[in-house]
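This is entry30.cif (mmCIF, C-alpha atoms).
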data_query
#
loop_
_atom_site.label_atom_id
_atom_site.label_comp_id
_atom_site.auth_asym_id
_atom_site.auth_seq_id
_atom_site.Cartn_x
_atom_site.Cartn_y
_atom_site.Cartn_z
CA MET U 14 104.62 77.31 163.98
CA ALA U 15 108.21 76.62 165.06
CA VAL U 16 110.40 75.25 162.30
CA ASN U 17 113.22 72.83 163.03
CA GLN U 18 116.54 74.72 162.69
CA ASP U 19 118.41 71.56 161.72
CA SER U 20 116.17 71.15 158.70
CA ILE U 21 116.77 74.81 157.75
CA LYS U 22 120.56 74.34 157.97
CA ASN U 23 120.30 71.48 155.49
CA LEU U 24 118.68 73.69 152.86
CA PRO U 25 121.16 74.96 150.22
CA TYR U 26 119.94 78.53 150.84
CA PHE U 27 120.98 78.49 154.47
CA SER U 28 123.92 76.07 154.65
CA GLY U 29 126.81 77.33 156.74
CA LEU U 30 124.60 79.47 158.97
CA GLU U 31 124.89 79.26 162.74
CA GLY U 32 123.58 81.02 165.85
CA PRO U 33 121.99 84.44 165.30
CA ALA U 34 121.78 84.09 161.52
CA LEU U 35 119.91 80.81 161.83
CA ASP U 36 117.63 82.30 164.50
CA ALA U 37 116.85 85.26 162.25
CA VAL U 38 115.95 83.03 159.31
CA SER U 39 113.86 80.55 161.30
CA ARG U 40 111.77 83.36 162.80
CA HIS U 41 110.47 84.18 159.32
CA PHE U 42 109.60 80.62 158.29
CA PHE U 43 105.97 79.50 158.16
CA GLU U 44 104.29 76.21 157.35
CA LYS U 45 101.73 75.46 154.63
CA LYS U 46 99.92 72.20 153.85
CA ALA U 47 98.46 71.03 150.55
CA VAL U 48 96.85 67.98 148.94
CA ARG U 49 97.28 66.50 145.45
CA GLY U 50 96.26 69.00 142.80
CA ASP U 51 96.40 72.12 144.96
CA ILE U 52 97.95 74.99 143.02
CA LEU U 53 100.61 76.58 145.21
CA VAL U 54 101.90 79.21 142.79
CA PHE U 55 100.18 80.66 139.73
CA GLU U 56 102.18 81.52 136.60
CA GLY U 57 102.13 85.27 135.99
CA ALA U 58 101.15 86.22 139.55
CA PRO U 59 103.49 88.38 141.64
CA ALA U 60 106.12 86.24 143.37
CA GLU U 61 105.71 86.74 147.11
CA VAL U 62 107.07 83.60 148.77
CA LEU U 63 110.01 81.21 148.42
CA TYR U 64 108.88 77.66 149.26
CA PHE U 65 110.77 74.61 150.52
CA VAL U 66 109.26 71.13 150.35
CA VAL U 67 109.34 69.38 153.74
CA ILE U 68 107.08 66.40 153.00
CA GLY U 69 105.66 65.29 149.66
CA VAL U 70 106.37 66.27 146.07
CA VAL U 71 105.60 69.38 144.00
CA LYS U 72 105.64 69.82 140.24
CA VAL U 73 106.63 73.12 138.63
CA PHE U 74 105.05 73.50 135.21
CA LYS U 75 104.08 75.84 132.40
CA THR U 76 100.82 75.61 130.48
CA SER U 77 100.38 76.54 126.81
CA ALA U 78 97.40 78.49 125.45
CA ASP U 79 95.75 75.22 124.36
CA GLY U 80 96.21 73.64 127.79
CA LYS U 81 99.32 71.53 127.10
CA GLU U 82 101.51 71.15 130.17
CA GLN U 83 105.31 71.10 130.31
CA ILE U 84 106.75 70.07 133.67
CA LEU U 85 109.98 71.93 134.34
CA ARG U 86 110.99 70.42 137.67
CA ILE U 87 109.84 67.89 140.23
CA ILE U 88 110.58 69.18 143.73
CA ARG U 89 111.28 66.72 146.53
CA PRO U 90 111.85 67.28 150.27
CA GLY U 91 114.81 69.56 150.93
CA ASP U 92 114.50 71.39 147.63
CA SER U 93 112.91 74.76 146.84
CA PHE U 94 110.78 76.35 144.16
CA ASN U 95 109.89 79.87 143.07
CA ASP U 96 113.58 80.74 143.48
CA VAL U 97 114.14 82.95 140.48
CA PRO U 98 110.95 85.07 140.50
CA VAL U 99 111.05 85.70 144.23
CA LEU U 100 114.24 87.66 143.63
CA GLY U 101 112.46 89.92 141.18
CA GLY U 102 109.40 89.70 138.96
CA VAL U 103 106.36 87.49 138.56
CA ASN U 104 106.06 83.71 138.84
CA LEU U 105 107.61 82.18 135.71
CA ALA U 106 105.68 78.93 136.13
CA SER U 107 102.92 77.39 138.21
CA ALA U 108 103.45 74.84 140.97
CA ALA U 109 101.08 72.14 142.21
CA ALA U 110 101.20 69.48 144.93
CA MET U 111 101.45 65.89 143.61
CA GLY U 112 100.19 64.42 146.88
CA ASP U 113 99.85 65.32 150.54
CA THR U 114 102.49 67.99 150.97
CA VAL U 115 103.97 70.12 153.75
CA LEU U 116 105.91 73.24 152.80
CA ASN U 117 107.95 75.83 154.60
CA GLY U 118 107.86 79.34 153.20
CA ILE U 119 109.66 82.64 153.65
CA LYS U 120 108.31 85.89 152.24
CA LYS U 121 110.28 87.80 149.61
CA LYS U 122 110.85 90.93 151.73
CA GLU U 123 112.06 88.85 154.66
CA LEU U 124 114.42 86.82 152.48
CA GLU U 125 115.84 90.09 151.15
CA ALA U 126 116.26 91.44 154.68
CA VAL U 127 118.16 88.43 156.04
CA SER U 128 120.34 88.18 152.93
CA LYS U 129 121.40 91.83 153.38
CA GLU U 130 122.20 91.20 157.01
CA TYR U 131 124.02 87.88 156.47
CA PRO U 132 126.09 87.82 153.22
CA GLN U 133 126.50 84.03 153.42
CA ILE U 134 122.83 83.77 152.44
CA ALA U 135 123.44 85.96 149.37
CA LEU U 136 126.32 83.67 148.32
CA ASN U 137 124.12 80.64 148.82
CA ILE U 138 121.40 82.22 146.66
CA ILE U 139 123.93 82.67 143.83
CA ASN U 140 124.81 78.96 144.09
CA VAL U 141 121.14 77.97 143.97
CA LEU U 142 120.48 80.16 140.92
CA SER U 143 123.53 78.67 139.21
CA GLN U 144 122.05 75.21 139.81
CA ARG U 145 118.72 76.32 138.31
CA VAL U 146 120.44 77.54 135.13
CA GLN U 147 122.23 74.19 134.84
CA GLU U 148 118.91 72.36 135.19
CA MET U 149 117.34 74.47 132.45
CA VAL U 150 120.28 73.80 130.12
CA GLU U 151 119.89 70.07 130.79
CA LEU U 152 116.18 70.29 129.94
CA VAL U 153 116.95 72.05 126.65
CA GLU U 154 119.55 69.36 125.93
CA ASP U 155 117.01 66.60 126.61
CA LEU U 156 114.37 68.17 124.39
CA SER U 157 116.86 68.89 121.60
CA PHE U 158 119.03 65.80 121.41
CA ARG U 159 117.28 62.80 123.00
CA ASN U 160 114.56 60.80 121.27
CA VAL U 161 111.37 60.05 123.20
CA SER U 162 112.51 56.62 124.43
CA GLY U 163 115.76 58.17 125.62
CA ARG U 164 113.89 60.90 127.48
CA VAL U 165 111.53 58.37 129.09
CA ALA U 166 114.54 56.27 130.11
CA LYS U 167 116.16 59.33 131.72
CA ILE U 168 112.97 60.20 133.61
CA LEU U 169 112.74 56.65 134.95
CA LEU U 170 116.36 56.76 136.13
CA GLU U 171 115.81 60.11 137.83
CA HIS U 172 112.75 58.95 139.77
CA ILE U 173 113.76 55.57 141.10
CA GLY U 174 112.15 54.94 144.48
CA ASP U 175 112.86 52.38 147.15
CA GLY U 176 109.32 50.98 147.12
CA GLY U 177 108.56 52.80 150.35
CA GLY U 178 106.32 55.37 148.70
CA GLU U 179 108.60 58.36 149.40
CA ASN U 180 109.25 59.11 145.75
CA PRO U 181 106.58 60.60 143.51
CA ARG U 182 104.28 58.23 141.69
CA LEU U 183 104.09 59.40 138.11
CA THR U 184 101.31 58.98 135.58
CA GLN U 185 101.96 58.61 131.87
CA GLN U 186 100.48 62.09 131.44
CA GLU U 187 102.92 63.58 133.95
CA MET U 188 105.88 61.85 132.30
CA ALA U 189 104.70 63.16 128.92
CA ALA U 190 104.50 66.68 130.37
CA MET U 191 108.03 66.36 131.75
CA ILE U 192 109.59 65.41 128.43
CA GLY U 193 107.44 67.48 126.07
CA THR U 194 105.56 64.74 124.25
CA ALA U 195 102.13 63.12 124.04
CA ARG U 196 100.92 60.52 126.55
CA GLU U 197 100.58 57.90 123.81
CA MET U 198 104.28 58.30 122.98
CA VAL U 199 105.18 57.50 126.58
CA GLY U 200 103.11 54.30 126.37
CA ARG U 201 104.92 53.34 123.14
CA SER U 202 108.28 54.06 124.75
CA PHE U 203 107.38 51.77 127.67
CA ARG U 204 106.79 48.96 125.19
CA THR U 205 110.10 49.71 123.42
CA LEU U 206 112.00 49.72 126.72
CA GLU U 207 110.27 46.50 127.76
CA GLU U 208 111.24 44.85 124.46
CA GLU U 209 114.82 45.97 125.04
CA GLY U 210 114.73 44.20 128.39
CA ALA U 211 115.44 47.39 130.34
CA ILE U 212 112.16 47.55 132.25
CA ARG U 213 109.16 45.42 133.15
CA ILE U 214 105.73 46.98 133.49
CA GLU U 215 103.72 45.67 136.41
CA ARG U 216 100.47 46.90 137.77
CA ASN U 217 101.22 50.35 139.20
CA ARG U 218 104.98 49.71 139.10
CA ILE U 219 107.72 50.10 136.55
CA VAL U 220 110.50 47.73 137.48
CA ILE U 221 113.93 48.58 136.11
CA THR U 222 115.36 45.19 135.25
CA ASP U 223 118.57 46.35 133.58
CA LYS U 224 119.79 49.75 134.76
CA SER U 225 122.85 49.72 132.51
CA ALA U 226 120.69 49.14 129.43
CA LEU U 227 118.37 51.95 130.52
CA LYS U 228 121.34 54.30 130.94
CA ARG U 229 122.59 53.37 127.48
CA ILE U 230 119.17 54.14 125.95
CA ALA U 231 119.07 57.42 127.91
CA GLY U 232 122.46 58.34 126.45
CA ILE U 233 124.08 58.50 129.86
CA ILE U 234 127.75 57.62 129.67
CA GLU U 235 128.95 55.55 132.63
CA MET O 2 96.10 49.90 149.99
CA VAL O 3 96.57 53.38 148.57
CA GLY O 4 98.09 53.43 145.12
CA ASN O 5 96.94 50.03 143.93
CA MET O 6 93.91 51.40 142.15
CA PRO O 7 93.26 54.25 139.71
CA VAL O 8 93.02 57.62 141.43
CA ILE O 9 89.89 59.71 140.84
CA ASP O 10 89.77 63.46 141.31
CA THR O 11 86.05 64.02 141.89
CA ALA O 12 86.43 67.77 141.46
CA LYS O 13 87.58 67.28 137.87
CA CYS O 14 85.16 64.44 136.99
CA ASN O 15 82.29 65.48 134.70
CA LEU O 16 80.48 62.13 135.11
CA CYS O 17 80.67 61.30 131.40
CA GLY O 18 81.02 57.60 132.26
CA LEU O 19 83.61 56.82 129.57
CA CYS O 20 86.00 55.30 132.12
CA VAL O 21 83.26 53.02 133.48
CA SER O 22 82.36 51.81 130.00
CA ILE O 23 85.94 51.13 128.93
CA CYS O 24 87.21 49.45 132.13
CA LYS O 25 88.00 45.86 131.17
CA CYS O 26 88.06 44.49 134.72
CA GLY O 27 84.92 46.24 135.89
CA ILE O 28 86.41 47.93 138.93
CA LEU O 29 84.92 51.32 138.01
CA VAL O 30 81.23 51.96 138.65
CA MET O 31 78.92 54.97 138.67
CA GLU O 32 77.16 55.20 142.02
CA ASP O 33 75.31 58.09 143.63
CA ASP O 34 76.43 60.47 140.86
CA LYS O 35 80.09 59.58 141.44
CA VAL O 36 82.58 57.31 139.75
CA LYS O 37 83.87 54.86 142.34
CA VAL O 38 86.56 52.20 142.42
CA VAL O 39 85.19 48.88 143.64
CA GLY O 40 86.59 45.37 143.97
CA SER O 41 89.64 43.85 145.51
CA VAL O 42 92.95 45.68 145.39
CA ASP O 43 94.36 42.35 144.23
CA CYS O 44 91.97 42.20 141.29
CA GLU O 45 93.52 39.39 139.25
CA ARG O 46 92.01 40.60 136.03
CA CYS O 47 93.92 43.85 136.30
CA THR O 48 97.45 42.49 135.98
CA LYS O 49 98.79 45.71 134.48
CA TRP O 50 97.63 49.26 134.49
CA CYS O 51 95.89 49.20 131.14
CA ASN O 52 95.49 52.99 131.48
CA ALA O 53 92.36 52.86 129.35
CA CYS O 54 90.40 54.91 131.87
CA GLU O 55 93.17 57.52 132.05
CA LEU O 56 93.40 57.63 128.26
CA VAL O 57 89.69 58.20 127.64
CA CYS O 58 89.06 60.66 130.46
CA PRO O 59 88.39 64.03 128.79
CA THR O 60 89.12 66.05 131.94
CA GLY O 61 92.16 64.24 133.35
CA ALA O 62 90.17 63.26 136.43
CA ILE O 63 91.31 59.64 136.58
CA THR O 64 94.94 58.62 136.68
CA CYS O 65 97.00 55.46 137.07
CA PRO O 66 100.28 56.51 138.69
CA PHE O 67 103.37 54.32 138.56
CA GLU O 68 106.03 53.85 141.17
CA ILE O 69 109.50 53.32 139.69
CA VAL O 70 111.67 50.73 141.41
CA LEU O 71 114.88 48.81 140.77
CA GLU O 72 114.53 45.04 140.49
CA ASP O 73 117.71 44.59 142.52
CA SER O 74 120.83 46.54 143.40
CA ARG O 75 122.66 45.28 140.34
CA ASP O 76 123.99 48.17 138.28
#

Take the structure in this file and express it as structure tokens.
Amino acid sequence: MAVNQDSIKNLPYFSGLEGPALDAVSRHFFEKKAVRGDILVFEGAPAEVLYFVVIGVVKVFKTSADGKEQILRIIRPGDSFNDVPVLGGVNLASAAAMGDTVLNGIKKKELEAVSKEYPQIALNIINVLSQRVQEMVELVEDLSFRNVSGRVAKILLEHIGDGGGENPRLTQQEMAAMIGTAREMVGRSFRTLEEEGAIRIERNRIVITDKSALKRIAGIIE
Amino acid sequence: MVGNMPVIDTAKCNLCGLCVSICKCGILVMEDDKVKVVGSVDCERCTKWCNACELVCPTGAITCPFEIVLEDSRD
């Protein structure tokens, strides 16, 4: 299926590309569809494809031996996953669709071929990997230095939607898996944040009533 | 309207019936060997996600997802 070149140009991997370089990349793109719960990448399996989310949301997660899940990243349209392993090795984490999802993919050997031919792509890859390291450092910081209410507050701030349904809808279990705690602790944190006047829990919605207070609880300096 | 009711993954559901028995507003029923959501999407008894069904589900088959929104543009 033909992939829109404008959407490819907007991806960090391929920004700055024009003409023949863009043609070469777009020829290798393919489309994949998934529904909520579909596993797109299995942890430990050989990494064959780099994926970009076009529509929908994907979670990247690791699972412990006793089945506990830690969500590493939530991937929205325009962002990619499987970046690091596709450049060498096996999948470091699994990835699953959180709803109806459309992905674009490019195979490892084809990504390598175009990056050798067009050095701009190699530079872009370095920038993307740098961003991934920063994200991992932030996650370690969250787990090390923020209390559970602070982590929940940060998650809420990072996933504010416009009410139009474009942003992921998160369950308490998913939030718990993102911040490395139990589901019950997320429920308790909701009550704490509600008592602080930062949020209001409605049926199927969390309304942020005082963003500044939420930022303060999250330890985000304005 | 999608998203106003608990979401059931029938592939994960083991039909234990715990969610049906704990649901305070009675919107969950067991019918034809499946757990189904019934009733109005504006069910007045369910003013908040109580999450009880999600909490008791042993297989993670039923979930109550939240959307996160700002009350206004005030920052």

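Among the candidates U:Ser39, U:Ser107, U:Ser128, U:Thr114, the one nearest to Lys72 (chain U) when counting all atoms listed in the file is U:Ser107.
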
Could you list, as an mmCIF file with C-alpha atoms, in the coordinates of the input, every residue of chain U that has an atom within 6 Å of an atom of chain O, counting only C-alpha atoms?
data_model
loop_
_atom_site.group_PDB
_atom_site.id
_atom_site.type_symbol
_atom_site.label_atom_id
_atom_site.label_comp_id
_atom_site.auth_asym_id
_atom_site.auth_seq_id
_atom_site.Cartn_x
_atom_site.Cartn_y
_atom_site.Cartn_z
ATOM 1 C CA ILE U 173 113.760 55.570 141.100
ATOM 2 C CA GLY U 174 112.150 54.940 144.480
ATOM 3 C CA ARG U 182 104.280 58.230 141.690
ATOM 4 C CA LEU U 183 104.090 59.400 138.110
ATOM 5 C CA THR U 184 101.310 58.980 135.580
ATOM 6 C CA GLU U 215 103.720 45.670 136.410
ATOM 7 C CA ARG U 216 100.470 46.900 137.770
ATOM 8 C CA ASN U 217 101.220 50.350 139.200
ATOM 9 C CA ARG U 218 104.980 49.710 139.100
ATOM 10 C CA ILE U 219 107.720 50.100 136.550
ATOM 11 C CA VAL U 220 110.500 47.730 137.480
ATOM 12 C CA ILE U 221 113.930 48.580 136.110
ATOM 13 C CA THR U 222 115.360 45.190 135.250
ATOM 14 C CA LYS U 224 119.790 49.750 134.760
#

What separates CA of Lys122 (chain U) and CA of Val70 (chain U) is a distance of 25.7 Å

Tell me which residues the PyMOL selection byres ((chain O and resi 35) around 12) grabs here, as a ChimeraX atom specification. /O:9-18,20-21,29-34,36-38,62

So how far away is CA of Arg164 (chain U) from CA of Ala106 (chain U), in Å? 21.6 Å

Just the residues within 10 Å of Val115 (chain U), please, counting only C-alpha atoms, with nothing from its chain fewer than 4 positions along; format it as a list in words.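 Once the nearby chain positions are removed, what remains is Glu44, Lys45, Lys46, Ala47, Val48, Phe65, Val66, Val67, Ile68, Gly69, Val70, Val71, Pro90 and Ala110 of chain U.
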
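Remark: for Glu207 (chain U), the closest of the candidate residues U:Lys228, U:Ser162, U:Leu156, U:Val150 is U:Ser162 (distances computed over only C-alpha atoms).
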
Mind completing region 223-234 of chain U with all heavy atoms? Output as a PDB file, in the coordinates of the input, please?
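In the end it all went to part_15.pdb:
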ATOM      1  N   ASP U 223     117.180  46.238 134.042  1.00  0.00           N
ATOM      2  CA  ASP U 223     118.570  46.350 133.580  1.00  0.00           C
ATOM      3  C   ASP U 223     118.930  47.844 133.527  1.00  0.00           C
ATOM      4  O   ASP U 223     118.671  48.528 132.534  1.00  0.00           O
ATOM      5  CB  ASP U 223     118.708  45.713 132.195  1.00  0.00           C
ATOM      6  CG  ASP U 223     120.161  45.606 131.758  1.00  0.00           C
ATOM      7  OD1 ASP U 223     121.005  46.358 132.304  1.00  0.00           O
ATOM      8  OD2 ASP U 223     120.459  44.786 130.870  1.00  0.00           O
ATOM      9  N   LYS U 224     119.506  48.313 134.643  1.00  0.00           N
ATOM     10  CA  LYS U 224     119.790  49.750 134.760  1.00  0.00           C
ATOM     11  C   LYS U 224     120.829  50.209 133.728  1.00  0.00           C
ATOM     12  O   LYS U 224     120.736  51.310 133.190  1.00  0.00           O
ATOM     13  CB  LYS U 224     120.287  50.044 136.179  1.00  0.00           C
ATOM     14  CG  LYS U 224     120.307  51.511 136.545  1.00  0.00           C
ATOM     15  CD  LYS U 224     120.636  51.687 138.011  1.00  0.00           C
ATOM     16  CE  LYS U 224     120.769  53.140 138.393  1.00  0.00           C
ATOM     17  NZ  LYS U 224     121.173  53.289 139.805  1.00  0.00           N
ATOM     18  N   SER U 225     121.810  49.341 133.474  1.00  0.00           N
ATOM     19  CA  SER U 225     122.850  49.720 132.510  1.00  0.00           C
ATOM     20  C   SER U 225     122.256  49.917 131.111  1.00  0.00           C
ATOM     21  O   SER U 225     122.599  50.866 130.396  1.00  0.00           O
ATOM     22  CB  SER U 225     123.936  48.642 132.441  1.00  0.00           C
ATOM     23  OG  SER U 225     124.580  48.559 133.683  1.00  0.00           O
ATOM     24  N   ALA U 226     121.331  49.015 130.742  1.00  0.00           N
ATOM     25  CA  ALA U 226     120.690  49.140 129.430  1.00  0.00           C
ATOM     26  C   ALA U 226     119.865  50.425 129.373  1.00  0.00           C
ATOM     27  O   ALA U 226     119.859  51.129 128.361  1.00  0.00           O
ATOM     28  CB  ALA U 226     119.797  47.933 129.171  1.00  0.00           C
ATOM     29  N   LEU U 227     119.188  50.734 130.473  1.00  0.00           N
ATOM     30  CA  LEU U 227     118.370  51.950 130.520  1.00  0.00           C
ATOM     31  C   LEU U 227     119.244  53.193 130.383  1.00  0.00           C
ATOM     32  O   LEU U 227     118.898  54.150 129.697  1.00  0.00           O
ATOM     33  CB  LEU U 227     117.575  51.972 131.823  1.00  0.00           C
ATOM     34  CG  LEU U 227     116.315  52.826 131.845  1.00  0.00           C
ATOM     35  CD1 LEU U 227     115.315  52.388 130.778  1.00  0.00           C
ATOM     36  CD2 LEU U 227     115.652  52.787 133.218  1.00  0.00           C
ATOM     37  N   LYS U 228     120.409  53.169 131.051  1.00  0.00           N
ATOM     38  CA  LYS U 228     121.340  54.300 130.940  1.00  0.00           C
ATOM     39  C   LYS U 228     121.841  54.453 129.509  1.00  0.00           C
ATOM     40  O   LYS U 228     121.975  55.568 129.002  1.00  0.00           O
ATOM     41  CB  LYS U 228     122.537  54.078 131.877  1.00  0.00           C
ATOM     42  CG  LYS U 228     122.250  54.416 133.338  1.00  0.00           C
ATOM     43  CD  LYS U 228     123.509  54.274 134.154  1.00  0.00           C
ATOM     44  CE  LYS U 228     123.277  54.704 135.591  1.00  0.00           C
ATOM     45  NZ  LYS U 228     124.456  54.452 136.433  1.00  0.00           N
ATOM     46  N   ARG U 229     122.100  53.319 128.865  1.00  0.00           N
ATOM     47  CA  ARG U 229     122.590  53.370 127.480  1.00  0.00           C
ATOM     48  C   ARG U 229     121.532  54.009 126.581  1.00  0.00           C
ATOM     49  O   ARG U 229     121.822  54.881 125.766  1.00  0.00           O
ATOM     50  CB  ARG U 229     122.922  51.948 127.012  1.00  0.00           C
ATOM     51  CG  ARG U 229     123.696  51.887 125.705  1.00  0.00           C
ATOM     52  CD  ARG U 229     123.940  50.473 125.243  1.00  0.00           C
ATOM     53  NE  ARG U 229     122.711  49.772 124.918  1.00  0.00           N
ATOM     54  CZ  ARG U 229     122.194  48.769 125.604  1.00  0.00           C
ATOM     55  NH1 ARG U 229     122.804  48.302 126.663  1.00  0.00           N
ATOM     56  NH2 ARG U 229     121.070  48.196 125.229  1.00  0.00           N
ATOM     57  N   ILE U 230     120.267  53.595 126.768  1.00  0.00           N
ATOM     58  CA  ILE U 230     119.170  54.140 125.950  1.00  0.00           C
ATOM     59  C   ILE U 230     118.992  55.635 126.245  1.00  0.00           C
ATOM     60  O   ILE U 230     118.679  56.432 125.363  1.00  0.00           O
ATOM     61  CB  ILE U 230     117.868  53.362 126.223  1.00  0.00           C
ATOM     62  CG1 ILE U 230     118.019  51.919 125.735  1.00  0.00           C
ATOM     63  CG2 ILE U 230     116.671  54.027 125.550  1.00  0.00           C
ATOM     64  CD1 ILE U 230     116.974  50.958 126.254  1.00  0.00           C
ATOM     65  N   ALA U 231     119.213  56.010 127.508  1.00  0.00           N
ATOM     66  CA  ALA U 231     119.070  57.420 127.910  1.00  0.00           C
ATOM     67  C   ALA U 231     120.254  58.267 127.434  1.00  0.00           C
ATOM     68  O   ALA U 231     120.231  59.491 127.580  1.00  0.00           O
ATOM     69  CB  ALA U 231     118.940  57.517 129.424  1.00  0.00           C
ATOM     70  N   GLY U 232     121.289  57.598 126.918  1.00  0.00           N
ATOM     71  CA  GLY U 232     122.460  58.340 126.450  1.00  0.00           C
ATOM     72  C   GLY U 232     123.343  58.825 127.571  1.00  0.00           C
ATOM     73  O   GLY U 232     124.085  59.802 127.427  1.00  0.00           O
ATOM     74  N   ILE U 233     123.247  58.133 128.712  1.00  0.00           N
ATOM     75  CA  ILE U 233     124.080  58.500 129.860  1.00  0.00           C
ATOM     76  C   ILE U 233     125.342  57.643 129.827  1.00  0.00           C
ATOM     77  O   ILE U 233     125.271  56.413 129.840  1.00  0.00           O
ATOM     78  CB  ILE U 233     123.317  58.292 131.187  1.00  0.00           C
ATOM     79  CG1 ILE U 233     122.109  59.228 131.235  1.00  0.00           C
ATOM     80  CG2 ILE U 233     124.233  58.509 132.384  1.00  0.00           C
ATOM     81  CD1 ILE U 233     121.153  58.956 132.369  1.00  0.00           C
ATOM     82  N   ILE U 234     126.477  58.329 129.755  1.00  0.00           N
ATOM     83  CA  ILE U 234     127.750  57.620 129.670  1.00  0.00           C
ATOM     84  C   ILE U 234     128.229  57.280 131.070  1.00  0.00           C
ATOM     85  O   ILE U 234     128.320  58.153 131.930  1.00  0.00           O
ATOM     86  CB  ILE U 234     128.807  58.465 128.920  1.00  0.00           C
ATOM     87  CG1 ILE U 234     128.310  58.741 127.506  1.00  0.00           C
ATOM     88  CG2 ILE U 234     130.158  57.762 128.885  1.00  0.00           C
ATOM     89  CD1 ILE U 234     128.998  59.908 126.832  1.00  0.00           C
TER      90      ILE U 234
END
